[in-house]
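*Asks:* Sharing a structure with you now.
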Amino acid sequence: MATTALIVAAGRGTRAAAAGAAPKQYALLGGMSILRRTVLAFAGHPGIDHVAVVIHREDRSLYDEAMAGLTAKLLAPVTGGATRQDSVRLGLEGLAASNPGTVLIHDAARPFVSHDVISGVIEALARAPGAIAALPVVDTLKQEAPGLLIAGNVSRDRLWRAQTPQGFKFSAIRDAHDRAHRDGAGGMTDDASVAEWAGIAVALAPGSEENIKLTTAEDLALAERHLSAVAALETRTGTGFDVHRFTDGDHVWLGGVKIPHTQRLDGHSDADVALHALTDALLGTIGDGDIGQHFPPSDPKWKGAASILFLEDAARRVTARGGRIVNVDVTILAEAPKVGPHRAAMQAVIGQALGLTVDRIGIKATTTEGLGFTGRREGIAAMASATVTLPIA
């Protein structure tokens, strides 16, 4: 049952954006747009199958710039409405064709949502048709009297602060939003309110103090200082190498591209040496074994599998550690076929899998001047390197 994250980014963000500036979700935070940070948090979670973003009708160019090179799991954006409630309803309508089993609705202005918070909401959906990330109220609550005087205290017992993501069975929350729209029941500030209005039970899941909503310019400045202070990064490099022999056939797979040839490469999967080497390079950056450990050739499940699946899995493992892939580089050692005519296509396939632009993907080829097994045209080899940044533990 597929789970889709619906990111709500159609607001104007006037309290945080300077006059004439782009809405806050497109502001840079630590050198990356807030929206991109938020999307990456969900795209990198193994429990999320797809991500869709609800945007303002005037923001398509800003959206395209923010999402450049990031296509894995990403669905086409949906145009939102005049209010957050309208935008979510329209976003759910946009997901109707794919009809996910569950949907996690999240504010774009919460870029620090963690892997554990997302997992907690998904897990809570096993015991209720709705679930939200939330924190118990710990501050003393005062009730205001005229003249900004205190009229008394409000009990904080069993009070919680709602956050996002808020997850629901897709059909239930879509129906609830449609009913609220038809009945003119507007003004609800979160999706749990819509669910409660429709009689849907909603469970509480652990939120996080770091899962803050960036609302004002002061919030953005504080978040920037927070990143500078605690999100120190280290750079890591991994390498990979792979070899496959030729056997009878009429094509080879290299870099995710099917290339006509007089022979094919022999392997349990599609024997794409370039992607195998690159997968191992990415796994090396996080010390997470190798391709044979995660996708053993003894497992019939991977017989004839497309190697792009292995690369996407390695990328998800890096992202789940809070990592960002900076660039990758692949060198293919072969007398034939020629790689040059297919370089752009390889970069496109790898870029889509890793969320990288082509200027961060090196594809090179060389012969061995007739020497060795590649020189004798007995097979093809590839070596790869990958550079990632990771938070310092």
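Here's how to read the names in the structure tokens: chain A, B, ... by the order shown, residue numbers from 1 in each chain, ligand numbers from 1 in the order shown.
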I'd like the contact shell of Asp359 of chain A - 10 Å cut-off, only C-alpha atoms, skipping same-chain residues fewer than 5 positions apart - returned as a PyMOL selection string.

*Replies:* chain A and resi 327-328+347+351

*Asks:* Those residues with C-alpha atoms, as a PDB file, in the first residue's frame please?

*Replies:*
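This is the output file again_25.pdb:
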```pdb
ATOM      1  CA  ASN A 327      28.876  14.481  -6.819  1.00  0.00           C
ATOM      2  CA  VAL A 328      29.631  11.110  -8.391  1.00  0.00           C
ATOM      3  CA  GLN A 347      23.735  11.325 -16.703  1.00  0.00           C
ATOM      4  CA  GLY A 351      20.643  12.279 -11.991  1.00  0.00           C
TER       5      GLY A 351
END
```

*Asks:* State, in Å with one decimal place, the distance from atom CA of Lys169 of chain A to atom CA of Val54 of chain A.

*Replies:* 18.8 Å

*Asks:* What does the distance between atom CA of His45 of chain A and atom CA of Ile122 of chain A come to in Å, to one decimal place?

*Replies:*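 About the pair atom CA of His45 of chain A and atom CA of Ile122 of chain A: they are 11.0 Å apart.
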
*Asks:* Find the residues near Gly167 of chain A: any atom within 10 Å, counting only C-alpha atoms, skip ones fewer than 6 places away on the same chain, and give them as a PyMOL selection string.

*Replies:* chain A and resi 3-6+102-106+118+121-125+128-133+173+191-192+202-203

*Asks:* How many Å lie between atom CA of Leu40 of chain A and atom CA of Ile361 of chain A, rounded to one decimal?

*Replies:*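 Spanning atom CA of Leu40 of chain A to atom CA of Ile361 of chain A is a straight-line distance of 19.2 Å.
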
*Asks:* Can you pull out the residues contacting segment 28-37 of chain A? Cut-off 6 Å, using only C-alpha atoms, and skip same-chain residues under 4 positions away; I want them as a PyMOL selection string.

*Replies:* chain A and resi 66+108+111

*Asks:* Go ahead and dump the residues you just picked, C-alpha atoms, as a tab-separated table (two decimals), in the first residue's frame.

*Replies:*
```tsv
chain	number	residue	atom	x	y	z
A	66	ALA	CA	13.99	24.65	-5.95
A	108	ALA	CA	6.61	23.14	3.72
A	111	PRO	CA	12.08	21.68	7.12
```

*Asks:* Set the distance at 7 Å and use only C-alpha atoms: which residues neighbour segment 236-251 of chain A once local chain neighbours fewer than 3 positions away are removed? I'd like the list as a VMD selection string.

*Replies:* chain A and resid 258 to 267 271 273 276 to 278 280 to 282 284 to 285 378 to 389

*Asks:* Report as a compact mmCIF listing (two decimals) with N, CA and C atoms, in the first residue's frame all protein, DNA and RNA residues lying within 12 Å of Asp116 of chain A, evaluated on only C-alpha atoms, omitting residues in the same chain fewer than 4 positions from it.

*Replies:*
```txt
# COMPACT_ATOMS: atom_id res chain seq x y z
N ALA A 41 13.52 15.52 3.15
CA ALA A 41 13.27 14.77 4.38
C ALA A 41 12.31 13.62 4.13
N PHE A 42 11.32 13.84 3.27
CA PHE A 42 10.34 12.79 2.98
C PHE A 42 10.83 11.86 1.86
N HIS A 45 12.99 9.08 3.10
CA HIS A 45 12.46 8.13 4.08
C HIS A 45 11.98 6.87 3.37
N PRO A 46 12.42 5.70 3.81
CA PRO A 46 12.04 4.46 3.10
C PRO A 46 10.56 4.15 3.15
N GLY A 47 9.81 4.76 4.09
CA GLY A 47 8.39 4.50 4.18
C GLY A 47 7.54 5.38 3.27
N PHE A 112 12.73 20.85 9.33
CA PHE A 112 13.56 20.05 10.23
C PHE A 112 12.86 18.80 10.72
N GLY A 120 7.09 7.72 13.19
CA GLY A 120 6.10 7.62 14.25
C GLY A 120 4.69 7.82 13.76
N VAL A 121 4.49 8.76 12.83
CA VAL A 121 3.15 8.99 12.28
C VAL A 121 2.72 7.80 11.44
N ILE A 122 3.63 7.27 10.62
CA ILE A 122 3.30 6.09 9.80
C ILE A 122 2.91 4.92 10.70
N GLU A 123 3.66 4.70 11.76
CA GLU A 123 3.38 3.58 12.66
C GLU A 123 2.05 3.77 13.38
N ALA A 133 1.75 14.19 14.39
CA ALA A 133 2.88 14.45 15.27
C ALA A 133 2.48 15.56 16.23
N PRO A 165 4.14 16.08 10.22
CA PRO A 165 3.08 15.57 9.35
C PRO A 165 1.86 15.06 10.10
N ALA A 205 1.11 10.95 17.84
CA ALA A 205 2.42 10.34 17.67
C ALA A 205 3.47 11.34 18.15
N PRO A 206 4.63 10.87 18.59
CA PRO A 206 5.64 11.78 19.14
C PRO A 206 6.14 12.80 18.11
N GLY A 207 6.05 14.07 18.47
CA GLY A 207 6.63 15.12 17.65
C GLY A 207 8.05 15.41 18.11
N SER A 208 8.55 16.59 17.78
CA SER A 208 9.91 16.97 18.15
C SER A 208 9.99 18.48 18.32
N GLU A 210 12.46 20.17 17.57
CA GLU A 210 13.18 20.69 16.41
C GLU A 210 12.28 20.83 15.19
N ASN A 211 11.10 20.23 15.24
CA ASN A 211 10.18 20.27 14.11
C ASN A 211 9.38 21.57 14.14
N ALA A 320 18.89 8.86 4.54
CA ALA A 320 18.36 8.50 5.86
C ALA A 320 19.35 8.82 6.97
N ARG A 321 20.63 8.92 6.65
CA ARG A 321 21.65 9.31 7.64
C ARG A 321 21.80 10.83 7.73
N GLY A 322 20.93 11.55 7.01
CA GLY A 322 21.07 13.01 6.98
C GLY A 322 22.09 13.47 5.98
```

*Asks:* Near Thr366 of chain A, within 8 Å and counting only C-alpha atoms, which residues show up once chain neighbours fewer than 3 positions away are dropped, as a PyMOL selection string?

*Replies:* chain A and resi 331-335

*Asks:* Can I get the selection written as a PDB file, in the first residue's frame, with C-alpha atoms?

*Replies:*
```pdb
ATOM      1  CA  THR A 331      34.946   5.514 -15.415  1.00  0.00           C
ATOM      2  CA  ILE A 332      34.068   2.628 -17.742  1.00  0.00           C
ATOM      3  CA  LEU A 333      36.899   0.415 -19.031  1.00  0.00           C
ATOM      4  CA  ALA A 334      35.965  -1.180 -22.362  1.00  0.00           C
ATOM      5  CA  GLU A 335      37.114  -1.507 -25.936  1.00  0.00           C
TER       6      GLU A 335
END
```

*Asks:* Using only C-alpha atoms, which residue out of A:Ala109, A:Ala336, A:Val318, A:Leu220 lies closest to Thr374 of chain A?

*Replies:*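 Smallest distance to Thr374 of chain A is found for A:Ala336.
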
*Asks:* Which of these residues is nearest to Ser193 of chain A, using only C-alpha atoms: A:Val257, A:Arg60, A:Ala180, A:Glu209?

*Replies:*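 Using only C-alpha atoms, the shortest distance to Ser193 of chain A belongs to A:Ala180.
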
*Asks:* Go through segment 227-343 of chain A and collect every residue that DSSP, computed from the backbone, puts in helix (DSSP H, G or I); the answer should be as a count of residues only.

*Replies:* 41

*Asks:* When distances are computed from only C-alpha atoms, which of A:Arg360, A:Lys213, A:His50, A:His294 shows the smallest separation from Pro100 of chain A?

*Replies:*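 The closest residue to Pro100 of chain A is A:His50.
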
*Asks:* Step one, run DSSP on the backbone; step two, keep only residues of segment 299-334 of chain A assigned to strand (DSSP E); then write them as a PyMOL selection string.

*Replies:* chain A and resi 324-333

*Asks:* Which segment 172-284 of chain A residues have any atom within 9 Å of an atom of segment 71-91 of chain A, and for each, what is the nearest pair of atoms with distance in Å to one decimal, counting only C-alpha atoms, rows sorted by chain and number, as JSON lines?

*Replies:*
```
{"residue": "A:Ile173", "atom": "CA", "partner": "A:Arg89", "partner_atom": "CA", "distance": 9.0}
{"residue": "A:Arg174", "atom": "CA", "partner": "A:Arg89", "partner_atom": "CA", "distance": 6.9}
{"residue": "A:His177", "atom": "CA", "partner": "A:Arg89", "partner_atom": "CA", "distance": 5.7}
{"residue": "A:Asp178", "atom": "CA", "partner": "A:Arg89", "partner_atom": "CA", "distance": 6.9}
{"residue": "A:His181", "atom": "CA", "partner": "A:Asp86", "partner_atom": "CA", "distance": 8.0}
{"residue": "A:Gly186", "atom": "CA", "partner": "A:Gln85", "partner_atom": "CA", "distance": 7.2}
{"residue": "A:Gly187", "atom": "CA", "partner": "A:Gln85", "partner_atom": "CA", "distance": 7.4}
{"residue": "A:Met188", "atom": "CA", "partner": "A:Gln85", "partner_atom": "CA", "distance": 6.7}
{"residue": "A:Thr189", "atom": "CA", "partner": "A:Gln85", "partner_atom": "CA", "distance": 7.1}
{"residue": "A:Asp190", "atom": "CA", "partner": "A:Gln85", "partner_atom": "CA", "distance": 7.4}
{"residue": "A:Asp191", "atom": "CA", "partner": "A:Gln85", "partner_atom": "CA", "distance": 7.6}
{"residue": "A:Val194", "atom": "CA", "partner": "A:Gln85", "partner_atom": "CA", "distance": 8.6}
```
